[in-house]
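Structure file entry.cif with mmCIF, C-alpha atoms:
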```
data_start
loop_
_atom_site.label_atom_id
_atom_site.label_comp_id
_atom_site.auth_asym_id
_atom_site.auth_seq_id
_atom_site.Cartn_x
_atom_site.Cartn_y
_atom_site.Cartn_z
CA MET A 1 164.20 142.59 14.45
CA GLU A 2 162.18 141.93 17.60
CA PRO A 3 159.80 138.93 17.34
CA GLY A 4 156.43 140.06 15.99
CA LEU A 5 157.56 143.53 14.84
CA PRO A 6 155.92 144.52 11.53
CA PRO A 7 158.04 145.26 8.45
CA CYS A 8 158.13 148.90 7.46
CA ASP A 9 158.58 150.67 4.08
CA LEU A 10 160.09 153.90 5.36
CA ASP A 11 160.08 155.67 1.97
CA SER A 12 156.27 155.47 1.75
CA LEU A 13 155.64 157.19 5.07
CA SER A 14 155.21 160.86 5.86
CA GLY A 15 157.28 162.35 8.63
CA GLU A 16 154.33 162.39 11.01
CA GLU A 17 153.37 158.80 10.20
CA LEU A 18 156.97 157.70 10.69
CA CYS A 19 157.13 159.37 14.10
CA VAL A 20 153.89 157.71 15.20
CA ARG A 21 155.14 154.29 14.17
CA LEU A 22 158.53 154.79 15.78
CA ARG A 23 156.84 155.82 19.03
CA GLY A 24 154.70 152.70 18.87
CA LEU A 25 157.73 150.48 18.29
CA GLU A 26 159.69 152.17 21.07
CA THR A 27 156.75 151.60 23.44
CA LEU A 28 156.63 147.94 22.41
CA LEU A 29 160.34 147.56 23.16
CA ASP A 30 159.90 149.33 26.50
CA VAL A 31 156.98 147.13 27.50
CA THR A 32 158.87 144.01 26.43
CA ARG A 33 161.69 144.91 28.80
CA ALA A 34 159.22 145.77 31.57
CA LEU A 35 157.31 142.52 31.17
CA ALA A 36 160.51 140.48 31.19
CA ALA A 37 161.26 141.71 34.71
CA GLU A 38 157.72 141.45 36.12
CA VAL A 39 156.15 138.35 37.69
CA ASP A 40 153.12 139.88 39.42
CA LEU A 41 150.08 139.03 37.28
CA SER A 42 148.07 142.15 38.15
CA LYS A 43 150.97 144.44 37.27
CA ILE A 44 151.59 142.55 34.03
CA LEU A 45 147.97 143.02 32.97
CA GLU A 46 147.93 146.70 33.91
CA THR A 47 151.17 147.28 32.00
CA ILE A 48 149.82 145.54 28.89
CA ALA A 49 146.62 147.62 28.88
CA ALA A 50 148.29 150.97 29.52
CA GLU A 51 151.24 150.57 27.16
CA ALA A 52 149.21 149.09 24.30
CA CYS A 53 146.78 151.98 24.58
CA GLN A 54 149.64 154.46 24.36
CA ALA A 55 151.53 152.66 21.57
CA LEU A 56 148.49 152.42 19.31
CA ASP A 57 147.21 155.87 20.22
CA CYS A 58 143.69 154.88 21.20
CA GLU A 59 141.25 155.99 23.89
CA ARG A 60 140.89 152.77 25.87
CA ALA A 61 142.40 149.33 26.25
CA SER A 62 141.11 146.24 28.03
CA VAL A 63 142.73 142.91 28.86
CA TYR A 64 140.14 140.16 29.05
CA GLN A 65 141.15 137.03 30.93
CA TYR A 66 139.68 133.67 30.01
CA ASP A 67 138.11 131.51 32.71
CA PRO A 68 138.13 127.92 31.37
CA ALA A 69 135.90 126.69 34.21
CA SER A 70 132.97 128.96 33.28
CA GLU A 71 134.10 129.54 29.67
CA ASP A 72 133.76 133.28 30.26
CA LEU A 73 135.86 136.27 29.24
CA TYR A 74 136.05 139.04 31.82
CA THR A 75 137.94 142.32 32.13
CA ARG A 76 140.94 141.88 34.38
CA ALA A 77 142.78 145.14 33.54
CA VAL A 78 141.40 148.27 31.84
CA THR A 79 142.71 151.79 31.30
CA GLU A 80 139.26 153.18 32.11
CA LEU A 81 135.86 151.63 32.84
CA GLU A 82 132.76 153.13 34.44
CA ILE A 83 131.42 149.78 35.67
CA ASP A 84 133.02 147.10 37.83
CA GLU A 85 133.49 144.46 35.17
CA ILE A 86 132.55 143.30 31.70
CA ARG A 87 131.92 139.56 31.56
CA HIS A 88 130.38 137.40 28.87
CA PRO A 89 130.57 133.83 27.58
CA ILE A 90 133.25 133.07 25.02
CA SER A 91 130.44 132.17 22.63
CA GLN A 92 129.27 135.81 22.49
CA GLY A 93 130.54 139.13 21.21
CA ILE A 94 133.46 140.29 19.12
CA THR A 95 136.00 139.42 21.83
CA GLY A 96 134.42 135.98 22.14
CA ASP A 97 134.83 135.45 18.40
CA VAL A 98 138.47 136.57 18.58
CA ALA A 99 139.10 134.20 21.47
CA ARG A 100 137.44 131.18 19.84
CA LEU A 101 138.88 131.60 16.36
CA ARG A 102 142.19 133.18 17.48
CA TYR A 103 142.53 135.97 14.94
CA VAL A 104 142.94 139.76 14.98
CA ALA A 105 139.64 141.60 14.44
CA ASN A 106 139.67 145.16 13.11
CA ILE A 107 136.12 146.52 13.36
CA SER A 108 135.67 150.00 11.87
CA ASP A 109 131.91 150.13 12.56
CA PRO A 110 130.96 148.08 15.63
CA ALA A 111 127.32 149.25 15.53
CA GLY A 112 126.93 147.59 12.14
CA ASP A 113 128.51 144.30 13.25
CA PRO A 114 125.98 141.56 14.21
CA ARG A 115 128.28 140.40 17.01
CA TRP A 116 128.31 143.80 18.67
CA ASN A 117 126.58 144.19 22.04
CA SER A 118 125.75 147.83 22.72
CA ALA A 119 124.68 147.12 26.30
CA VAL A 120 128.13 148.01 27.66
CA ASP A 121 128.12 151.42 25.95
CA ARG A 122 124.64 152.08 27.30
CA ALA A 123 125.76 151.10 30.81
CA THR A 124 128.95 153.18 30.72
CA GLY A 125 127.86 156.14 28.59
CA PHE A 126 130.95 155.60 26.44
CA GLN A 127 130.68 155.54 22.63
CA THR A 128 132.68 152.85 20.82
CA ARG A 129 133.62 153.98 17.30
CA ASN A 130 136.12 151.26 16.32
CA ILE A 131 137.74 148.16 17.82
CA LEU A 132 140.98 146.26 17.39
CA ALA A 133 141.27 142.97 19.29
CA GLY A 134 143.69 140.04 19.32
CA PRO A 135 143.92 136.75 21.21
CA LEU A 136 146.38 136.02 24.02
CA VAL A 137 147.59 132.44 23.60
CA SER A 138 150.14 130.53 25.67
CA PRO A 139 153.38 129.90 23.75
CA HIS A 140 154.01 127.04 26.17
CA ASP A 141 151.00 124.82 25.51
CA GLY A 142 148.69 126.77 23.20
CA ARG A 143 145.94 127.34 25.76
CA LEU A 144 143.80 130.46 25.52
CA LEU A 145 144.75 133.11 28.10
CA GLY A 146 142.51 136.00 27.07
CA VAL A 147 141.99 138.86 24.63
CA LEU A 148 143.65 142.28 24.28
CA GLN A 149 141.12 144.84 23.01
CA LEU A 150 141.77 148.43 21.94
CA ILE A 151 138.98 150.94 21.40
CA ASN A 152 138.73 154.19 19.40
CA LYS A 153 141.86 154.95 17.42
CA ARG A 154 142.38 158.69 17.78
CA GLY A 155 141.74 160.62 14.57
CA SER A 156 141.11 157.59 12.36
CA SER A 157 140.44 153.86 12.21
CA PHE A 158 142.97 151.17 13.05
CA ALA A 159 145.27 150.45 10.09
CA ALA A 160 147.24 147.39 8.95
CA PHE A 161 150.30 148.60 10.86
CA ASP A 162 148.19 148.76 14.03
CA GLU A 163 147.14 145.16 13.48
CA ASP A 164 150.77 144.09 13.18
CA LEU A 165 151.73 146.09 16.27
CA LEU A 166 148.84 144.54 18.20
CA ARG A 167 150.02 141.05 17.19
CA ALA A 168 153.49 141.88 18.54
CA PHE A 169 151.97 143.15 21.80
CA CYS A 170 149.88 139.99 22.07
CA GLN A 171 152.94 137.78 21.56
CA HIS A 172 154.97 139.48 24.28
CA ALA A 173 151.99 139.81 26.61
CA SER A 174 151.13 136.11 26.18
CA ALA A 175 154.70 135.10 27.04
CA ALA A 176 154.64 137.27 30.18
CA LEU A 177 151.21 135.98 31.22
CA ASP A 178 152.26 132.40 30.66
CA ARG A 179 155.40 132.88 32.72
CA ALA A 180 153.37 134.40 35.55
CA ARG A 181 150.89 131.53 35.35
CA LEU A 182 153.62 128.90 35.43
CA LEU A 183 155.36 130.62 38.34
CA ASP A 184 152.05 130.80 40.21
CA GLU A 185 151.44 127.10 39.57
CA LEU A 186 154.97 126.35 40.78
CA ARG A 187 154.42 128.37 43.97
CA THR A 188 151.08 126.66 44.54
CA ARG A 189 152.64 123.25 43.97
CA SER A 190 155.47 124.09 46.37
CA GLU A 191 152.97 125.21 49.01
CA ILE A 192 150.94 122.03 48.51
CA ASP A 193 154.08 119.91 48.72
CA ALA A 194 155.09 121.67 51.94
CA SER A 195 151.59 121.18 53.40
CA LEU A 196 151.56 117.52 52.40
CA SER A 197 154.99 117.08 53.97
CA VAL A 198 153.63 118.43 57.26
CA ALA A 199 150.55 116.22 56.88
CA ARG A 200 152.75 113.21 56.27
CA ASP A 201 154.76 113.94 59.42
CA ILE A 202 151.50 114.23 61.37
CA GLN A 203 150.21 110.99 59.90
CA ARG A 204 153.45 109.21 60.69
CA GLY A 205 152.71 110.16 64.27
CA PHE A 206 149.38 108.33 63.98
CA MET A 207 151.15 105.07 63.21
CA PRO A 208 152.40 103.24 66.32
CA ARG A 209 155.99 104.17 67.14
CA GLU A 210 156.32 102.20 70.35
CA LEU A 211 154.35 98.99 70.55
CA PRO A 212 152.99 97.76 73.89
CA GLU A 213 155.04 95.04 75.50
CA MET A 214 153.38 91.65 75.12
CA PRO A 215 155.13 88.86 77.07
CA GLY A 216 156.10 86.07 74.72
CA TYR A 217 155.19 88.02 71.57
CA GLU A 218 157.11 90.06 69.00
CA THR A 219 155.29 92.66 66.88
CA ALA A 220 156.33 94.93 64.00
CA THR A 221 154.74 97.34 61.51
CA TRP A 222 155.65 98.73 58.07
CA TRP A 223 153.91 101.50 56.13
CA TYR A 224 154.33 103.20 52.73
CA PRO A 225 151.57 105.56 51.48
CA ASN A 226 150.60 105.90 47.83
CA GLN A 227 150.98 109.69 48.13
CA ALA A 228 152.43 111.98 50.78
CA VAL A 229 149.51 110.93 52.95
CA GLY A 230 147.29 107.86 52.78
CA GLY A 231 144.18 106.16 54.02
CA ASP A 232 145.73 103.13 55.77
CA TYR A 233 145.87 102.75 59.54
CA CYS A 234 147.24 100.20 61.96
CA ASP A 235 147.55 100.21 65.72
CA VAL A 236 148.31 98.09 68.76
CA LEU A 237 146.26 99.13 71.79
CA ARG A 238 145.93 97.90 75.36
CA LEU A 239 142.32 97.02 76.16
CA ARG A 240 140.78 97.81 79.54
CA ASP A 241 140.59 94.07 80.42
CA GLY A 242 144.35 93.57 79.88
CA ARG A 243 144.18 92.06 76.43
CA VAL A 244 145.75 93.71 73.39
CA ALA A 245 143.87 94.97 70.33
CA LEU A 246 145.58 94.55 66.95
CA VAL A 247 143.95 96.86 64.41
CA ILE A 248 144.39 97.42 60.68
CA ALA A 249 142.12 99.55 58.49
CA ASP A 250 141.96 100.75 54.89
CA VAL A 251 139.93 103.79 53.84
CA SER A 252 138.79 103.62 50.20
CA GLY A 253 140.65 105.94 47.84
CA HIS A 254 144.00 107.70 48.05
CA GLY A 255 145.38 111.02 49.19
CA LEU A 256 144.30 113.76 51.56
CA GLY A 257 140.57 112.91 51.84
CA PRO A 258 141.10 109.29 52.94
CA SER A 259 143.89 110.41 55.28
CA LEU A 260 141.45 112.73 57.07
CA LEU A 261 138.95 109.88 57.40
CA MET A 262 141.74 107.67 58.71
CA ALA A 263 142.47 110.26 61.40
CA SER A 264 138.77 110.12 62.38
CA VAL A 265 138.90 106.32 62.56
CA ARG A 266 141.92 106.43 64.83
CA ALA A 267 140.46 109.09 67.12
CA ALA A 268 137.06 107.39 67.40
CA LEU A 269 138.51 103.93 68.00
CA ARG A 270 140.92 105.13 70.65
CA ALA A 271 138.07 106.89 72.43
CA LEU A 272 135.78 103.85 72.27
CA ILE A 273 138.48 101.48 73.54
CA LEU A 274 138.58 103.41 76.80
CA GLU A 275 135.13 102.00 77.62
CA HIS A 276 134.72 98.89 75.46
CA ALA A 277 136.79 95.74 74.91
CA ASP A 278 134.61 93.57 72.68
CA SER A 279 135.53 93.65 68.96
CA LYS A 280 131.93 93.17 67.79
CA GLU A 281 130.68 96.02 69.97
CA LEU A 282 133.60 98.24 69.00
CA LEU A 283 132.99 97.83 65.26
CA GLU A 284 129.28 98.56 65.60
CA LEU A 285 129.88 101.65 67.72
CA LEU A 286 132.66 102.80 65.37
CA SER A 287 130.35 102.45 62.37
CA ARG A 288 127.73 104.64 64.06
CA ALA A 289 130.35 107.22 65.03
CA LEU A 290 131.63 107.51 61.46
CA CYS A 291 128.35 107.27 59.54
CA GLN A 292 128.24 111.01 58.80
CA ASP A 293 131.81 110.97 57.47
CA LEU A 294 131.23 108.01 55.16
CA GLN A 295 129.27 109.66 52.36
CA ASP A 296 129.53 109.54 48.55
CA GLY A 297 130.40 105.87 48.43
CA ARG A 298 133.28 106.00 50.92
CA PHE A 299 133.87 102.92 53.03
CA ILE A 300 136.44 101.47 55.43
CA THR A 301 137.61 97.90 55.84
CA LEU A 302 138.82 97.16 59.35
CA MET A 303 140.09 94.12 61.24
CA LEU A 304 140.10 94.24 65.04
CA ALA A 305 141.68 91.27 66.82
CA GLU A 306 141.76 90.82 70.60
CA LEU A 307 144.89 88.95 71.74
CA ASP A 308 145.03 87.40 75.19
CA THR A 309 148.72 86.81 75.90
CA ALA A 310 147.89 84.60 78.89
CA THR A 311 145.68 82.09 77.06
CA HIS A 312 147.15 82.82 73.60
CA ARG A 313 143.69 83.15 72.17
CA ILE A 314 142.73 85.59 69.43
CA GLU A 315 139.12 86.66 69.05
CA TYR A 316 138.18 89.08 66.32
CA ALA A 317 135.55 90.87 64.27
CA ASN A 318 136.40 91.75 60.69
CA ALA A 319 134.61 94.48 58.70
CA GLY A 320 135.42 93.20 55.22
CA HIS A 321 139.19 93.43 55.54
CA ALA A 322 141.71 91.23 53.71
CA PRO A 323 144.37 89.87 53.69
CA VAL A 324 144.28 88.58 57.28
CA LEU A 325 146.53 85.53 57.62
CA HIS A 326 147.33 83.08 60.42
CA PHE A 327 150.61 81.27 59.87
CA VAL A 328 150.45 77.89 61.59
CA SER A 329 154.07 77.08 62.37
CA SER A 330 153.59 73.35 63.04
CA ALA A 331 152.08 72.76 59.59
CA GLN A 332 153.94 75.54 57.76
CA HIS A 333 150.52 76.56 56.49
CA LEU A 334 148.68 79.88 56.22
CA LEU A 335 144.99 80.25 56.98
CA ALA A 336 142.94 83.22 55.82
CA LEU A 337 140.74 84.64 58.59
CA PRO A 338 137.46 85.63 56.89
CA ALA A 339 135.33 88.75 57.26
CA THR A 340 132.49 88.67 59.77
CA GLY A 341 130.62 91.65 58.29
CA LEU A 342 130.61 94.28 55.57
CA PRO A 343 132.99 97.29 55.49
CA LEU A 344 132.08 100.32 57.56
CA GLY A 345 129.91 102.70 55.55
CA VAL A 346 128.16 100.09 53.40
CA LEU A 347 125.13 99.74 55.68
CA ASP A 348 123.52 102.36 57.92
CA GLU A 349 123.04 99.90 60.80
CA PRO A 350 125.64 97.15 60.33
CA SER A 351 125.95 94.09 62.53
CA TYR A 352 129.22 92.28 63.18
CA GLU A 353 129.85 88.86 64.64
CA ARG A 354 132.88 87.62 66.51
CA ALA A 355 134.61 84.77 64.74
CA PRO A 356 135.52 81.53 66.59
CA TRP A 357 138.67 82.07 68.58
CA VAL A 358 142.07 81.19 67.14
CA ARG A 359 144.90 79.85 69.27
CA MET A 360 148.43 81.11 68.75
CA GLU A 361 151.01 78.37 69.24
CA VAL A 362 154.76 79.04 69.56
CA GLY A 363 156.05 80.18 66.16
CA ASP A 364 152.59 81.14 64.88
CA ILE A 365 152.21 84.54 63.18
CA LEU A 366 149.18 86.76 62.82
CA PHE A 367 149.88 88.75 59.64
CA LEU A 368 147.62 91.70 58.80
CA CYS A 369 148.11 93.91 55.74
CA THR A 370 146.12 96.16 53.40
CA ASP A 371 145.12 95.08 49.91
CA GLY A 372 147.73 97.34 48.29
CA ILE A 373 150.28 94.65 49.15
CA VAL A 374 148.67 91.87 47.10
CA GLU A 375 147.21 94.10 44.37
CA ALA A 376 150.45 95.89 43.35
CA MET A 377 150.98 95.35 39.60
CA ASN A 378 154.15 94.78 37.59
CA ASP A 379 154.85 95.71 33.94
CA ASP A 380 152.78 92.76 32.74
CA SER A 381 149.74 93.83 34.84
CA GLU A 382 150.36 90.85 37.10
CA PRO A 383 149.41 91.44 40.76
CA PHE A 384 151.87 90.65 43.51
CA GLY A 385 149.27 88.22 44.77
CA GLN A 386 148.62 86.39 48.01
CA GLY A 387 150.67 83.41 46.84
CA ARG A 388 153.89 85.45 46.76
CA LEU A 389 153.01 86.98 50.11
CA GLU A 390 152.52 83.55 51.70
CA GLU A 391 155.84 82.30 50.30
CA ILE A 392 157.71 85.24 51.86
CA ILE A 393 155.99 84.72 55.22
CA ARG A 394 156.71 81.01 55.16
CA ALA A 395 160.37 81.53 54.19
CA GLY A 396 160.91 84.32 56.75
CA ALA A 397 158.85 82.95 59.62
CA GLN A 398 161.94 82.62 61.82
CA LEU A 399 163.26 86.12 61.10
CA PRO A 400 162.82 88.97 63.57
CA MET A 401 159.39 90.42 62.90
CA LEU A 402 160.78 93.78 61.79
CA GLU A 403 162.96 92.05 59.19
CA LEU A 404 160.01 90.01 57.95
CA VAL A 405 157.67 92.98 57.39
CA ARG A 406 160.47 94.95 55.74
CA GLU A 407 161.25 92.03 53.44
CA VAL A 408 157.61 91.84 52.37
CA GLY A 409 157.67 95.60 51.71
CA ARG A 410 160.93 95.33 49.76
CA GLN A 411 159.59 92.56 47.54
CA VAL A 412 156.40 94.52 46.82
CA GLU A 413 158.44 97.62 45.94
CA LEU A 414 160.50 95.54 43.50
CA HIS A 415 157.30 94.25 41.92
CA TYR A 416 155.20 97.33 41.21
CA VAL A 417 155.77 99.88 38.41
CA GLY A 418 156.62 103.51 39.19
CA GLU A 419 158.33 105.55 41.86
CA SER A 420 155.48 105.25 44.34
CA PRO A 421 153.09 102.36 45.04
CA PRO A 422 149.73 102.29 43.24
CA ASP A 423 147.99 102.00 46.61
CA ASP A 424 148.84 102.56 50.26
CA LEU A 425 150.88 99.70 51.73
CA THR A 426 150.60 98.76 55.42
CA ILE A 427 151.62 95.69 57.41
CA LEU A 428 151.08 94.70 61.05
CA ALA A 429 152.42 91.33 62.19
CA THR A 430 152.89 89.59 65.52
CA ARG A 431 154.50 86.22 66.37
CA ARG A 432 154.31 84.13 69.48
CA ASN A 433 157.87 83.38 70.58
CA ALA A 434 157.22 81.58 73.88
#
```

Let me see whether you can do it: turn the structure in this file into structure tokens.
Amino acid sequence: MEPGLPPCDLDSLSGEELCVRLRGLETLLDVTRALAAEVDLSKILETIAAEACQALDCERASVYQYDPASEDLYTRAVTELEIDEIRHPISQGITGDVARLRYVANISDPAGDPRWNSAVDRATGFQTRNILAGPLVSPHDGRLLGVLQLINKRGSSFAAFDEDLLRAFCQHASAALDRARLLDELRTRSEIDASLSVARDIQRGFMPRELPEMPGYETATWWYPNQAVGGDYCDVLRLRDGRVALVIADVSGHGLGPSLLMASVRAALRALILEHADSKELLELLSRALCQDLQDGRFITLMLAELDTATHRIEYANAGHAPVLHFVSSAQHLLALPATGLPLGVLDEPSYERAPWVRMEVGDILFLCTDGIVEAMNDDSEPFGQGRLEEIIRAGAQLPMLELVREVGRQVELHYVGESPPDDLTILATRRNA
């Protein structure tokens, strides 16, 4: 026996009654086969309404879909309706009661039912004599999908057999609706994944591929976003006065929104660097340029260091970014370079100061990274920490810079839990070799 088909005592039925029931069961089997091959949601709903109306020999059928966002039921497919749509909260009406309590309602006198709203009949000119309605519930996760409602059984009221047949229709319709919903979610997810893949390729292009040549210096970068795209940014740019700007930034949050802000940071900074070479001035101008984008608590930490390869001096302004480390080769010691102002977006009119200059001796390393590096947690909720980072830098200070940044990245990946990092990970490091 098909799932949901009602039992039948054939000896108790008249020939006409038996024919009616057999036609109903045949229609149910036909619609089951049709729904099994259909994935278009609109066609599924139209098929359910039309075939249920025919199988139960009634005047009209409606499929109400449930909108969990508004908690409304609304007609998505009807066999006939004089108005555009029927919509009401799930807390109201007979269909609302069926949806909330998830039972089959057989109403022989709607006008005498306190839940009945006659406004639809008045608006359409149609007279509702009796109603049979059942819930549509996902067999996958039990969520409410809608309600199947039948109106005006021809020649009589809806009987117990009609209730059982409606339950069978609801079971098969719910399975078809759920399959269509899951397929739609899968398509949407695939489209999102494809879009994010394109976005990631674009963002990879934002990260420096070829670093400017700096006589006597070796520079490398490493980047791993928390999601397909991220809010970290680093760059190495030639300033108009011949010095080199080393930049690292971290937009608060993860995902697509921060990645769009990061693109704005990159574009604005690159435009400003065409005319300005002072880190303090650049940060203040950048803050003004981005003030409209930094709403709803968003902020950006950013370190901008100016390296003079002739004098080996580094001057910088730091908008709340850390870690920023200076490895002093002669002492095998790491110094943290502090912030000189608050992150971009915290104040409407921020002011930044340039820190005292730092001299790069042979073997010294300027190591910039985002906080995802030191904040990555292991199974014991223990952060990777700046201490581990400093040990790796100290131990690998003589390695090629690319090997050093990759080793830091590898150790962080071994430390955190999960397939992807809990935060975006970005490193920019440069060493004076001569």

- Pick from A:Ala277, A:Leu347, A:Leu283, A:Leu294: nearest to Asn318 of chain A, with all atoms listed in the file counted? A:Leu283

When you look at Pro89 of chain A with a cut-off of 9 Å (counting all atoms listed in the file), what residues show up, excluding the ones that are within fewer than 2 positions of it in the same chain? I need them as a PDB file with C-alpha atoms, keeping the file's coordinate frame.
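Contents of selection_26.pdb, as written:
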```pdb
ATOM      1  CA  SER A  70     132.970 128.960  33.280  1.00  0.00           C
ATOM      2  CA  GLU A  71     134.100 129.540  29.670  1.00  0.00           C
ATOM      3  CA  ASP A  72     133.760 133.280  30.260  1.00  0.00           C
ATOM      4  CA  LEU A  73     135.860 136.270  29.240  1.00  0.00           C
ATOM      5  CA  TYR A  74     136.050 139.040  31.820  1.00  0.00           C
ATOM      6  CA  ARG A  87     131.920 139.560  31.560  1.00  0.00           C
ATOM      7  CA  SER A  91     130.440 132.170  22.630  1.00  0.00           C
ATOM      8  CA  GLN A  92     129.270 135.810  22.490  1.00  0.00           C
ATOM      9  CA  GLY A  93     130.540 139.130  21.210  1.00  0.00           C
ATOM     10  CA  GLY A  96     134.420 135.980  22.140  1.00  0.00           C
TER      11      GLY A  96
END
```

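The space separating atom CA of Ala168 of chain A from atom CA of Ser156 of chain A comes to 20.9 Å.
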
With segment 52-67 of chain A as the partner and 6 Å as the cut-off, tabulate the residues of segment 131-157 of chain A that qualify, each row holding the nearest pair of atoms and their distance in Å to one decimal, using all atoms listed in the file, sorted by chain and rising number, as a tab-separated table.
```
residue	atom	partner	partner_atom	distance
A:Leu145	CA	A:Tyr66	CA	5.4
A:Gly146	CA	A:Gln65	CA	4.2
A:Val147	CA	A:Tyr64	CA	5.0
A:Leu148	CA	A:Val63	CA	4.7
A:Gln149	CA	A:Ser62	CA	5.2
A:Leu150	CA	A:Ala61	CA	4.4
A:Ile151	CA	A:Arg60	CA	5.2
A:Asn152	CA	A:Cys58	CA	5.3
A:Lys153	CA	A:Cys58	CA	4.2
A:Arg154	CA	A:Cys58	CA	5.3
```

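When you apply the PyMOL selection byres ((chain A and resi 320) around 7) to this structure, what comes back is Thr301, Leu302, Asn318, Ala319, His321, Ala322, Ala339, Gly341, Leu342 and Pro343 of chain A.
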
- Message: To one decimal place in Å, what is the distance between atom CA of Leu389 of chain A and atom CA of Asp424 of chain A?
- Response: 16.1 Å

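Taking atom CA of Gly418 of chain A as the reference point, atom CA of Pro208 of chain A is found at 27.5 Å.
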
Counting all atoms listed in the file, which residues in segment 279-340 of chain A sit no more than 9 Å from segment 354-370 of chain A? For each one, give the nearest pair of atoms and the distance in Å, sorted by chain then residue number, as a Markdown table.
```
| residue | atom | partner | partner_atom | distance |
| --- | --- | --- | --- | --- |
| A:Ser279 | CA | A:Arg354 | CA | 7.0 |
| A:Lys280 | CA | A:Arg354 | CA | 5.8 |
| A:Met303 | CA | A:Leu368 | CA | 8.3 |
| A:Thr311 | CA | A:Arg359 | CA | 8.1 |
| A:His312 | CA | A:Met360 | CA | 5.3 |
| A:Arg313 | CA | A:Arg359 | CA | 4.6 |
| A:Ile314 | CA | A:Val358 | CA | 5.0 |
| A:Glu315 | CA | A:Trp357 | CA | 4.6 |
| A:Tyr316 | CA | A:Arg354 | CA | 5.5 |
| A:Ala317 | CA | A:Arg354 | CA | 4.8 |
| A:Asn318 | CA | A:Arg354 | CA | 8.0 |
| A:His321 | CA | A:Thr370 | CA | 7.7 |
| A:Ala322 | CA | A:Thr370 | CA | 6.6 |
| A:Pro323 | CA | A:Cys369 | CA | 5.9 |
| A:Val324 | CA | A:Leu368 | CA | 4.8 |
| A:Leu325 | CA | A:Phe367 | CA | 5.1 |
| A:His326 | CA | A:Leu366 | CA | 4.8 |
| A:Phe327 | CA | A:Ile365 | CA | 4.9 |
| A:Val328 | CA | A:Asp364 | CA | 5.1 |
| A:Ser329 | CA | A:Asp364 | CA | 5.0 |
| A:Ser330 | CA | A:Gly363 | CA | 7.9 |
| A:Leu337 | CA | A:Ala355 | CA | 8.7 |
| A:Pro338 | CA | A:Ala355 | CA | 8.4 |
| A:Ala339 | CA | A:Ala355 | CA | 8.5 |
| A:Thr340 | CA | A:Ala355 | CA | 6.7 |
```

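The residue that comes closest to Ile86 of chain A, out of A:Ala123, A:Val374, A:Ile107, A:Val137 and on the basis of all atoms listed in the file, is A:Ala123.
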
- From A:Ser351, A:Ser259, A:Thr75, A:Thr219, residue lying nearest Leu282 of chain A [only C-alpha atoms]: A:Ser351

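Residues within 8 Å of Val412 of chain A, counting only C-alpha atoms and excluding same-chain residues fewer than 5 positions away, are A:Ile373, A:Ala376, A:Phe384.
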
Write out N, CA, C and O atoms for segment 264-272 of chain A, as a PDB file, in the coordinates of the input.
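Wrote it out as result_37.pdb, contents follow:
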```
ATOM      1  N   SER A 264     140.019 110.265  61.634  1.00  0.00           N
ATOM      2  CA  SER A 264     138.770 110.120  62.380  1.00  0.00           C
ATOM      3  C   SER A 264     138.607 108.711  62.927  1.00  0.00           C
ATOM      4  O   SER A 264     138.146 108.517  64.060  1.00  0.00           O
ATOM      5  N   VAL A 265     138.966 107.714  62.114  1.00  0.00           N
ATOM      6  CA  VAL A 265     138.900 106.320  62.560  1.00  0.00           C
ATOM      7  C   VAL A 265     139.759 106.124  63.796  1.00  0.00           C
ATOM      8  O   VAL A 265     139.329 105.550  64.802  1.00  0.00           O
ATOM      9  N   ARG A 266     140.982 106.595  63.712  1.00  0.00           N
ATOM     10  CA  ARG A 266     141.920 106.430  64.830  1.00  0.00           C
ATOM     11  C   ARG A 266     141.400 107.092  66.098  1.00  0.00           C
ATOM     12  O   ARG A 266     141.415 106.493  67.186  1.00  0.00           O
ATOM     13  N   ALA A 267     140.938 108.353  65.944  1.00  0.00           N
ATOM     14  CA  ALA A 267     140.460 109.090  67.120  1.00  0.00           C
ATOM     15  C   ALA A 267     139.239 108.413  67.735  1.00  0.00           C
ATOM     16  O   ALA A 267     139.153 108.247  68.965  1.00  0.00           O
ATOM     17  N   ALA A 268     138.280 108.014  66.888  1.00  0.00           N
ATOM     18  CA  ALA A 268     137.060 107.390  67.400  1.00  0.00           C
ATOM     19  C   ALA A 268     137.353 106.057  68.060  1.00  0.00           C
ATOM     20  O   ALA A 268     136.828 105.752  69.141  1.00  0.00           O
ATOM     21  N   LEU A 269     138.209 105.249  67.438  1.00  0.00           N
ATOM     22  CA  LEU A 269     138.510 103.930  68.000  1.00  0.00           C
ATOM     23  C   LEU A 269     139.230 104.057  69.336  1.00  0.00           C
ATOM     24  O   LEU A 269     138.903 103.341  70.293  1.00  0.00           O
ATOM     25  N   ARG A 270     140.177 104.961  69.387  1.00  0.00           N
ATOM     26  CA  ARG A 270     140.920 105.130  70.650  1.00  0.00           C
ATOM     27  C   ARG A 270     140.001 105.618  71.770  1.00  0.00           C
ATOM     28  O   ARG A 270     140.214 105.275  72.934  1.00  0.00           O
ATOM     29  N   ALA A 271     139.020 106.432  71.412  1.00  0.00           N
ATOM     30  CA  ALA A 271     138.070 106.890  72.430  1.00  0.00           C
ATOM     31  C   ALA A 271     137.164 105.745  72.881  1.00  0.00           C
ATOM     32  O   ALA A 271     136.911 105.566  74.080  1.00  0.00           O
ATOM     33  N   LEU A 272     136.695 104.949  71.934  1.00  0.00           N
ATOM     34  CA  LEU A 272     135.780 103.850  72.270  1.00  0.00           C
ATOM     35  C   LEU A 272     136.473 102.769  73.092  1.00  0.00           C
ATOM     36  O   LEU A 272     135.857 102.151  73.980  1.00  0.00           O
TER      37      LEU A 272
END
```
